[in-house]
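To be precise, the following lines are work-v5.tsv, and they hold TSV, C-alpha atoms.
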chain	number	residue	atom	x	y	z
A	1321	MET	CA	97.41	93.45	146.56
A	1322	THR	CA	98.43	91.18	143.69
A	1323	SER	CA	101.14	93.46	142.29
A	1324	ASN	CA	104.68	93.89	143.47
A	1325	LYS	CA	104.20	97.59	142.77
A	1326	THR	CA	100.95	99.45	143.27
A	1327	VAL	CA	99.10	101.16	140.43
A	1328	ASP	CA	99.77	104.52	142.09
A	1329	GLU	CA	103.51	103.83	142.16
A	1330	LEU	CA	103.54	102.74	138.54
A	1331	TRP	CA	101.50	105.73	137.40
A	1332	GLU	CA	103.68	108.17	139.36
A	1333	ALA	CA	106.71	106.79	137.51
A	1334	ALA	CA	104.89	106.76	134.15
A	1335	PHE	CA	103.21	110.17	134.27
A	1336	GLY	CA	106.11	112.22	133.00
A	1337	ARG	CA	107.09	109.72	130.33
A	1338	PHE	CA	103.83	109.57	128.38
A	1339	PRO	CA	103.40	112.12	125.58
A	1340	THR	CA	101.00	115.03	126.00
A	1341	PRO	CA	99.46	115.52	122.56
A	1342	SER	CA	97.94	118.84	121.56
A	1343	PRO	CA	94.15	118.94	121.03
A	1344	GLU	CA	94.77	118.59	117.28
A	1345	GLU	CA	97.02	115.57	117.84
A	1346	GLN	CA	94.52	114.00	120.24
A	1347	ARG	CA	91.75	114.30	117.69
A	1348	ALA	CA	93.97	112.91	114.93
A	1349	GLY	CA	94.96	109.95	117.10
A	1350	ILE	CA	91.41	108.96	117.95
A	1351	VAL	CA	90.25	109.46	114.36
A	1352	LEU	CA	93.12	107.27	113.15
A	1353	LEU	CA	92.15	104.54	115.65
A	1354	GLY	CA	88.58	104.72	114.38
A	1355	GLU	CA	89.69	104.34	110.77
A	1356	LEU	CA	91.93	101.38	111.61
A	1357	ALA	CA	89.00	99.80	113.47
A	1358	ARG	CA	87.32	99.41	110.08
A	1359	GLY	CA	89.77	96.55	109.59
A	1360	ALA	CA	92.12	97.71	106.82
A	1361	PRO	CA	95.34	99.74	106.57
A	1362	VAL	CA	94.87	103.50	106.27
A	1363	THR	CA	96.60	105.74	103.73
A	1364	ILE	CA	97.62	109.25	104.68
A	1365	ALA	CA	95.20	110.54	102.03
A	1366	HIS	CA	92.40	108.54	103.70
A	1367	LEU	CA	93.34	109.96	107.09
A	1368	ALA	CA	93.39	113.49	105.66
A	1369	ARG	CA	89.83	113.03	104.37
A	1370	ALA	CA	88.68	111.65	107.72
A	1371	LEU	CA	90.23	114.64	109.52
A	1372	GLY	CA	89.08	117.18	106.92
A	1373	THR	CA	92.64	118.49	106.55
A	1374	PRO	CA	95.13	118.82	103.69
A	1375	ILE	CA	97.30	115.77	103.01
A	1376	ASP	CA	100.47	117.55	104.12
A	1377	THR	CA	98.87	118.33	107.49
A	1378	ALA	CA	97.87	114.70	107.98
A	1379	GLU	CA	101.34	113.57	106.92
A	1380	ALA	CA	102.96	115.90	109.45
A	1381	LEU	CA	100.74	114.52	112.20
A	1382	VAL	CA	101.75	110.96	111.27
A	1383	LYS	CA	105.47	111.55	110.72
A	1384	HIS	CA	106.47	114.65	112.68
A	1385	SER	CA	104.41	114.89	115.87
A	1386	VAL	CA	104.26	113.29	119.30
A	1387	LEU	CA	102.05	110.62	117.69
A	1388	SER	CA	104.82	109.48	115.34
A	1389	PRO	CA	106.63	106.95	117.59
A	1390	PHE	CA	103.32	105.09	117.91
A	1391	VAL	CA	102.50	104.84	114.18
A	1392	ASP	CA	103.22	101.58	112.35
A	1393	ILE	CA	103.62	102.18	108.62
A	1394	GLY	CA	103.73	99.03	106.50
A	1395	ASP	CA	105.80	98.26	103.42
A	1396	ALA	CA	103.20	99.80	101.10
A	1397	GLY	CA	103.35	103.10	102.96
A	1398	ARG	CA	99.95	102.54	104.55
A	1399	ILE	CA	99.34	102.82	108.29
A	1400	GLN	CA	98.70	99.35	109.71
A	1401	GLY	CA	98.78	100.22	113.38
A	1402	PHE	CA	98.66	103.09	115.82
A	1403	GLY	CA	98.77	103.45	119.57
A	1404	GLY	CA	98.47	99.73	120.16
A	1405	LEU	CA	95.70	98.90	117.66
A	1406	SER	CA	96.71	96.94	114.56
A	1407	VAL	CA	95.23	95.37	111.47
A	1408	ALA	CA	98.25	93.02	111.38
A	1409	HIS	CA	98.13	89.75	113.33
A	1410	THR	CA	99.61	89.75	116.85
A	1411	HIS	CA	99.33	87.67	120.03
A	1412	HIS	CA	96.23	89.58	121.20
A	1413	GLN	CA	93.00	89.51	119.15
A	1414	LEU	CA	90.36	92.22	119.50
A	1415	THR	CA	86.89	91.99	117.94
A	1416	VAL	CA	84.86	95.21	117.67
A	1417	ASN	CA	81.55	95.41	115.81
A	1418	GLY	CA	82.25	92.06	114.17
A	1419	ARG	CA	85.66	93.13	112.83
A	1420	THR	CA	88.77	91.23	113.88
A	1421	LEU	CA	91.70	93.43	114.88
A	1422	TRP	CA	94.75	92.98	117.07
A	1423	THR	CA	96.68	94.86	119.72
A	1424	TRP	CA	100.39	95.12	120.35
A	1425	CYS	CA	100.13	94.08	124.00
A	1426	ALA	CA	97.65	93.07	126.69
A	1427	LEU	CA	97.37	96.58	128.14
A	1428	ASP	CA	96.45	98.01	124.73
A	1429	SER	CA	93.37	95.80	124.63
A	1430	LEU	CA	92.24	97.29	127.95
A	1431	PHE	CA	92.48	100.99	126.99
A	1432	ILE	CA	91.52	100.89	123.30
A	1433	PRO	CA	87.78	100.18	123.88
A	1434	GLU	CA	87.39	103.56	125.59
A	1435	LEU	CA	89.19	105.32	122.72
A	1436	LEU	CA	86.94	103.59	120.18
A	1437	GLY	CA	83.82	104.13	122.27
A	1438	ASP	CA	82.87	100.45	121.88
A	1439	THR	CA	82.95	97.16	123.74
A	1440	ALA	CA	85.61	94.74	122.53
A	1441	GLU	CA	85.84	90.96	122.76
A	1442	ILE	CA	89.44	89.97	123.47
A	1443	GLU	CA	91.20	86.66	123.02
A	1444	SER	CA	94.78	86.06	124.06
A	1445	ARG	CA	96.87	83.17	125.31
A	1446	ASP	CA	98.91	82.78	128.44
A	1447	PRO	CA	102.51	82.88	127.13
A	1448	GLU	CA	103.61	80.37	129.75
A	1449	THR	CA	100.90	77.70	129.37
A	1450	GLY	CA	99.09	78.54	126.14
A	1451	GLU	CA	95.75	78.66	127.97
A	1452	LEU	CA	93.08	80.70	126.18
A	1453	ILE	CA	92.00	83.92	127.89
A	1454	ARG	CA	88.76	85.67	126.94
A	1455	LEU	CA	87.63	89.13	128.01
A	1456	ALA	CA	84.86	91.56	127.20
A	1457	VAL	CA	85.98	95.13	127.85
A	1458	SER	CA	83.70	98.17	127.55
A	1459	PRO	CA	84.81	101.79	127.71
A	1460	ALA	CA	83.88	101.79	131.41
A	1461	ARG	CA	84.98	98.42	132.79
A	1462	VAL	CA	86.05	94.82	132.30
A	1463	GLU	CA	82.66	93.21	131.71
A	1464	THR	CA	83.63	89.53	131.71
A	1465	ALA	CA	86.86	87.57	132.12
A	1466	GLU	CA	87.64	83.88	131.69
A	1467	PRO	CA	89.28	82.34	133.61
A	1468	THR	CA	88.99	84.21	136.88
A	1469	GLY	CA	92.13	85.49	138.58
A	1470	ILE	CA	93.82	86.82	135.42
A	1471	LEU	CA	97.08	88.72	135.97
A	1472	VAL	CA	98.83	91.17	133.65
A	1473	SER	CA	102.59	91.69	133.34
A	1474	MET	CA	104.07	95.14	132.82
A	1475	MET	CA	107.44	96.78	132.45
A	1476	PRO	CA	108.29	99.49	134.99
A	1477	PRO	CA	107.86	102.83	133.21
A	1478	GLY	CA	111.48	103.79	133.83
A	1479	ALA	CA	112.60	100.92	131.59
A	1480	VAL	CA	110.37	101.90	128.66
A	1481	ASP	CA	111.75	103.76	125.63
A	1482	LEU	CA	109.05	105.72	123.79
A	1483	THR	CA	111.29	107.40	121.19
A	1484	SER	CA	110.44	105.12	118.25
A	1485	LEU	CA	108.04	102.32	117.42
A	1486	ALA	CA	110.81	99.71	117.36
A	1487	ARG	CA	111.94	100.80	120.82
A	1488	VAL	CA	108.38	100.89	122.16
A	1489	MET	CA	107.93	97.31	120.99
A	1490	ALA	CA	111.29	96.06	122.27
A	1491	SER	CA	111.22	97.77	125.67
A	1492	CYS	CA	107.51	97.55	126.46
A	1493	CYS	CA	105.04	95.63	124.29
A	1494	HIS	CA	107.06	92.40	124.23
A	1495	PHE	CA	106.69	92.12	128.02
A	1496	ILE	CA	102.97	92.82	128.55
A	1497	PHE	CA	100.78	89.70	128.60
A	1498	PHE	CA	97.68	88.22	130.21
A	1499	PHE	CA	98.18	85.20	132.47
A	1500	ALA	CA	95.52	82.66	133.39
A	1501	SER	CA	96.83	82.06	136.90
A	1502	ARG	CA	99.27	83.34	139.48
A	1503	ALA	CA	101.40	80.21	139.02
A	1504	SER	CA	101.90	80.82	135.30
A	1505	ALA	CA	102.46	84.56	135.82
A	1506	GLU	CA	105.09	84.00	138.46
A	1507	GLY	CA	106.74	81.28	136.38
A	1508	TRP	CA	107.02	83.70	133.46
A	1509	GLN	CA	108.12	86.56	135.73
A	1510	ALA	CA	110.98	84.41	137.06
A	1511	LYS	CA	112.41	84.51	133.51
A	1512	HIS	CA	111.73	88.26	133.24
A	1513	PRO	CA	112.47	89.59	136.74
A	1514	GLU	CA	112.38	93.20	135.55
A	1515	THR	CA	108.60	92.97	135.07
A	1516	VAL	CA	105.82	93.57	137.58
A	1517	LEU	CA	102.44	91.87	137.92
A	1518	LEU	CA	99.04	93.51	138.24
A	1519	SER	CA	95.58	92.11	138.72
A	1520	LEU	CA	93.23	92.60	135.77
A	1521	ASN	CA	91.38	95.40	137.58
A	1522	GLU	CA	94.64	97.13	138.48
A	1523	ALA	CA	95.79	96.96	134.87
A	1524	PHE	CA	92.47	98.40	133.71
A	1525	SER	CA	92.81	101.23	136.24
A	1526	PHE	CA	96.28	102.02	134.86
A	1527	ALA	CA	94.88	101.96	131.31
A	1528	LYS	CA	92.15	104.46	132.26
A	1529	ARG	CA	94.74	106.82	133.72
A	1530	GLN	CA	96.80	106.54	130.57
A	1531	ASN	CA	93.80	107.44	128.39
A	1532	ALA	CA	92.94	110.43	130.59
A	1533	HIS	CA	96.52	111.72	130.39
A	1534	VAL	CA	97.07	111.22	126.65
A	1535	PHE	CA	93.57	111.73	125.20
A	1536	GLY	CA	91.61	113.30	128.06
A	1537	ALA	CA	90.68	116.56	126.33
A	1538	GLU	CA	89.38	114.83	123.20
A	1539	LEU	CA	87.49	112.20	125.19
A	1540	ALA	CA	85.85	114.95	127.26
A	1541	ARG	CA	84.94	116.88	124.12
A	1542	ARG	CA	83.31	113.81	122.60
A	1543	ARG	CA	81.36	113.06	125.76
A	1544	ALA	CA	80.09	116.64	125.86
A	1545	ASN	CA	79.02	116.47	122.22
A	1546	ALA	CA	77.16	113.21	122.85
A	1547	GLU	CA	75.09	114.70	125.68
What is this structure when it is put down as structure tokens?
Amino acid sequence: MTSNKTVDELWEAAFGRFPTPSPEEQRAGIVLLGELARGAPVTIAHLARALGTPIDTAEALVKHSVLSPFVDIGDAGRIQGFGGLSVAHTHHQLTVNGRTLWTWCALDSLFIPELLGDTAEIESRDPETGELIRLAVSPARVETAEPTGILVSMMPPGAVDLTSLARVMASCCHFIFFFASRASAEGWQAKHPETVLLSLNEAFSFAKRQNAHVFGAELARRRANAE
């Protein structure tokens, strides 16, 4: 095992901390991700049209629901990120259907392809060495990874604060990276001893569990409709 905690241990600690959106909130979250994946910030009026709801309903979902701590509203009042997907530049680049997007952390880039229903090409850099890391991630699996032996850092769920976007970023996203080798991962971890390390496949397994917990009903509904 490459981690100093197993995926089962991490998920057991995380399970009760993740939000459990209502079916309406799940649908709104996935629709919002799809609109952001077009590559531009999203207004609340735009989201309302995409959802087929009144503007005040869309605004309540953005500002006064379990989704709210995961919504990034820019200076112009437009949504520039949600649930880890962003149209603003970050350390982790995600390309879907030819559009360049970004994610808040390495783990986001592993679970967002399933939520978008598309394969994503990912580029990131090892924060310790600067080495380029490339992945192709489909909704079902990590399709390709360069170099081999990639590790992913994570914060233990008990240390993560999910009450606001700023706290999510400070307590979680700023500690989740891809590493090109065990040596670089362990070198970085020595400076951040509160973190744990997972193999790429372990991190993807955790991401799938997170999707099933947070968006499982909506994902199941969409799969049923596609059959």
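Nearest to A:Phe1535 of all the residues A:Leu1405, A:Ile1350, A:Val1391, A:Val1488 is A:Ile1350, counting all atoms listed in the file.
What separates atom CA of A:Arg1358 from atom CA of A:Ala1408 is a distance of 12.7 Å.
Between A:Glu1344 and the candidates A:Glu1538, A:Glu1443, A:Glu1547, A:Glu1451, the tightest atom-to-atom separation, counting only C-alpha atoms, involves A:Glu1538.
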Do you know which residues lie at most 7 Å from (95.9, 85.7, 119.2), with coordinates as in the file and all atoms listed in the file counted, and could you write them as a ChimeraX atom specification? /A:1410-1413,1443-1445
Using only C-alpha atoms, which protein or nucleic acid residues come within 8 Å of stretch 1338-1340 of chain A? Drop anything in the same chain fewer than 6 positions from it, and give the result as a list in words. Val1386, Leu1482, Gln1530, His1533 and Val1534 of chain A
With a distance cut-off of 9 Å and all atoms listed in the file, select the neighbouring residues of A:Val1462, excluding the residue or stretch itself and same-chain residues fewer than 6 positions from it, and output the selection as a PyMOL selection string. chain A and resi 1430+1455-1456+1520-1521+1524
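Note that the spacing between atom CA of A:His1494 and atom CA of A:Trp1424 amounts to 8.2 Å.
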How would stretch 1531-1542 of chain A look with all heavy atoms restored, written as a PDB file, in the coordinates of the input?
ATOM      1  N   ASN A1531      94.717 106.783 129.328  1.00  0.00           N
ATOM      2  CA  ASN A1531      93.800 107.440 128.390  1.00  0.00           C
ATOM      3  C   ASN A1531      93.510 108.879 128.813  1.00  0.00           C
ATOM      4  O   ASN A1531      93.482 109.794 127.981  1.00  0.00           O
ATOM      5  CB  ASN A1531      92.478 106.677 128.296  1.00  0.00           C
ATOM      6  CG  ASN A1531      92.559 105.494 127.366  1.00  0.00           C
ATOM      7  OD1 ASN A1531      93.513 105.327 126.630  1.00  0.00           O
ATOM      8  ND2 ASN A1531      91.535 104.658 127.402  1.00  0.00           N
ATOM      9  N   ALA A1532      93.263 109.085 130.104  1.00  0.00           N
ATOM     10  CA  ALA A1532      92.940 110.430 130.590  1.00  0.00           C
ATOM     11  C   ALA A1532      94.118 111.375 130.387  1.00  0.00           C
ATOM     12  O   ALA A1532      93.931 112.555 130.066  1.00  0.00           O
ATOM     13  CB  ALA A1532      92.559 110.370 132.063  1.00  0.00           C
ATOM     14  N   HIS A1533      95.325 110.879 130.547  1.00  0.00           N
ATOM     15  CA  HIS A1533      96.520 111.720 130.390  1.00  0.00           C
ATOM     16  C   HIS A1533      96.776 112.043 128.923  1.00  0.00           C
ATOM     17  O   HIS A1533      97.070 113.188 128.574  1.00  0.00           O
ATOM     18  CB  HIS A1533      97.727 111.009 130.987  1.00  0.00           C
ATOM     19  CG  HIS A1533      99.007 111.756 130.818  1.00  0.00           C
ATOM     20  ND1 HIS A1533      99.302 112.899 131.527  1.00  0.00           N
ATOM     21  CD2 HIS A1533     100.076 111.531 130.004  1.00  0.00           C
ATOM     22  CE1 HIS A1533     100.499 113.344 131.165  1.00  0.00           C
ATOM     23  NE2 HIS A1533     100.989 112.527 130.237  1.00  0.00           N
ATOM     24  N   VAL A1534      96.679 111.040 128.050  1.00  0.00           N
ATOM     25  CA  VAL A1534      97.070 111.220 126.650  1.00  0.00           C
ATOM     26  C   VAL A1534      95.936 111.795 125.815  1.00  0.00           C
ATOM     27  O   VAL A1534      96.164 112.645 124.939  1.00  0.00           O
ATOM     28  CB  VAL A1534      97.566 109.881 126.053  1.00  0.00           C
ATOM     29  CG1 VAL A1534      97.940 110.055 124.585  1.00  0.00           C
ATOM     30  CG2 VAL A1534      98.757 109.344 126.855  1.00  0.00           C
ATOM     31  N   PHE A1535      94.699 111.347 126.055  1.00  0.00           N
ATOM     32  CA  PHE A1535      93.570 111.730 125.200  1.00  0.00           C
ATOM     33  C   PHE A1535      92.424 112.373 125.974  1.00  0.00           C
ATOM     34  O   PHE A1535      91.304 112.457 125.462  1.00  0.00           O
ATOM     35  CB  PHE A1535      93.045 110.502 124.456  1.00  0.00           C
ATOM     36  CG  PHE A1535      93.975 109.970 123.414  1.00  0.00           C
ATOM     37  CD1 PHE A1535      94.656 108.767 123.616  1.00  0.00           C
ATOM     38  CD2 PHE A1535      94.178 110.656 122.227  1.00  0.00           C
ATOM     39  CE1 PHE A1535      95.517 108.276 122.646  1.00  0.00           C
ATOM     40  CE2 PHE A1535      95.031 110.169 121.248  1.00  0.00           C
ATOM     41  CZ  PHE A1535      95.711 108.978 121.457  1.00  0.00           C
ATOM     42  N   GLY A1536      92.681 112.834 127.187  1.00  0.00           N
ATOM     43  CA  GLY A1536      91.610 113.300 128.060  1.00  0.00           C
ATOM     44  C   GLY A1536      90.776 114.428 127.482  1.00  0.00           C
ATOM     45  O   GLY A1536      89.549 114.424 127.586  1.00  0.00           O
ATOM     46  N   ALA A1537      91.424 115.417 126.863  1.00  0.00           N
ATOM     47  CA  ALA A1537      90.680 116.560 126.330  1.00  0.00           C
ATOM     48  C   ALA A1537      89.732 116.141 125.211  1.00  0.00           C
ATOM     49  O   ALA A1537      88.579 116.580 125.154  1.00  0.00           O
ATOM     50  CB  ALA A1537      91.648 117.636 125.837  1.00  0.00           C
ATOM     51  N   GLU A1538      90.223 115.275 124.311  1.00  0.00           N
ATOM     52  CA  GLU A1538      89.380 114.830 123.200  1.00  0.00           C
ATOM     53  C   GLU A1538      88.261 113.923 123.685  1.00  0.00           C
ATOM     54  O   GLU A1538      87.120 114.020 123.208  1.00  0.00           O
ATOM     55  CB  GLU A1538      90.232 114.117 122.153  1.00  0.00           C
ATOM     56  CG  GLU A1538      89.460 113.571 120.963  1.00  0.00           C
ATOM     57  CD  GLU A1538      88.793 114.638 120.105  1.00  0.00           C
ATOM     58  OE1 GLU A1538      89.087 115.848 120.280  1.00  0.00           O
ATOM     59  OE2 GLU A1538      87.949 114.280 119.255  1.00  0.00           O
ATOM     60  N   LEU A1539      88.542 113.055 124.647  1.00  0.00           N
ATOM     61  CA  LEU A1539      87.490 112.200 125.190  1.00  0.00           C
ATOM     62  C   LEU A1539      86.414 113.047 125.869  1.00  0.00           C
ATOM     63  O   LEU A1539      85.215 112.784 125.711  1.00  0.00           O
ATOM     64  CB  LEU A1539      88.080 111.197 126.180  1.00  0.00           C
ATOM     65  CG  LEU A1539      88.950 110.093 125.574  1.00  0.00           C
ATOM     66  CD1 LEU A1539      89.637 109.291 126.674  1.00  0.00           C
ATOM     67  CD2 LEU A1539      88.137 109.175 124.676  1.00  0.00           C
ATOM     68  N   ALA A1540      86.818 114.076 126.603  1.00  0.00           N
ATOM     69  CA  ALA A1540      85.850 114.950 127.260  1.00  0.00           C
ATOM     70  C   ALA A1540      85.026 115.706 126.233  1.00  0.00           C
ATOM     71  O   ALA A1540      83.806 115.880 126.409  1.00  0.00           O
ATOM     72  CB  ALA A1540      86.589 115.929 128.182  1.00  0.00           C
ATOM     73  N   ARG A1541      85.664 116.170 125.157  1.00  0.00           N
ATOM     74  CA  ARG A1541      84.940 116.880 124.120  1.00  0.00           C
ATOM     75  C   ARG A1541      83.884 115.982 123.470  1.00  0.00           C
ATOM     76  O   ARG A1541      82.743 116.406 123.232  1.00  0.00           O
ATOM     77  CB  ARG A1541      85.904 117.388 123.051  1.00  0.00           C
ATOM     78  CG  ARG A1541      85.287 118.280 121.987  1.00  0.00           C
ATOM     79  CD  ARG A1541      86.268 118.591 120.874  1.00  0.00           C
ATOM     80  NE  ARG A1541      86.541 117.413 120.052  1.00  0.00           N
ATOM     81  CZ  ARG A1541      85.738 116.994 119.083  1.00  0.00           C
ATOM     82  NH1 ARG A1541      84.607 117.619 118.808  1.00  0.00           N
ATOM     83  NH2 ARG A1541      86.061 115.926 118.381  1.00  0.00           N
ATOM     84  N   ARG A1542      84.262 114.741 123.225  1.00  0.00           N
ATOM     85  CA  ARG A1542      83.310 113.810 122.600  1.00  0.00           C
ATOM     86  C   ARG A1542      82.162 113.471 123.532  1.00  0.00           C
ATOM     87  O   ARG A1542      81.013 113.350 123.090  1.00  0.00           O
ATOM     88  CB  ARG A1542      84.059 112.545 122.155  1.00  0.00           C
ATOM     89  CG  ARG A1542      85.004 112.829 120.990  1.00  0.00           C
ATOM     90  CD  ARG A1542      85.699 111.599 120.468  1.00  0.00           C
ATOM     91  NE  ARG A1542      86.476 111.978 119.303  1.00  0.00           N
ATOM     92  CZ  ARG A1542      86.548 111.278 118.179  1.00  0.00           C
ATOM     93  NH1 ARG A1542      85.895 110.134 118.067  1.00  0.00           N
ATOM     94  NH2 ARG A1542      87.277 111.697 117.161  1.00  0.00           N
TER      95      ARG A1542
END
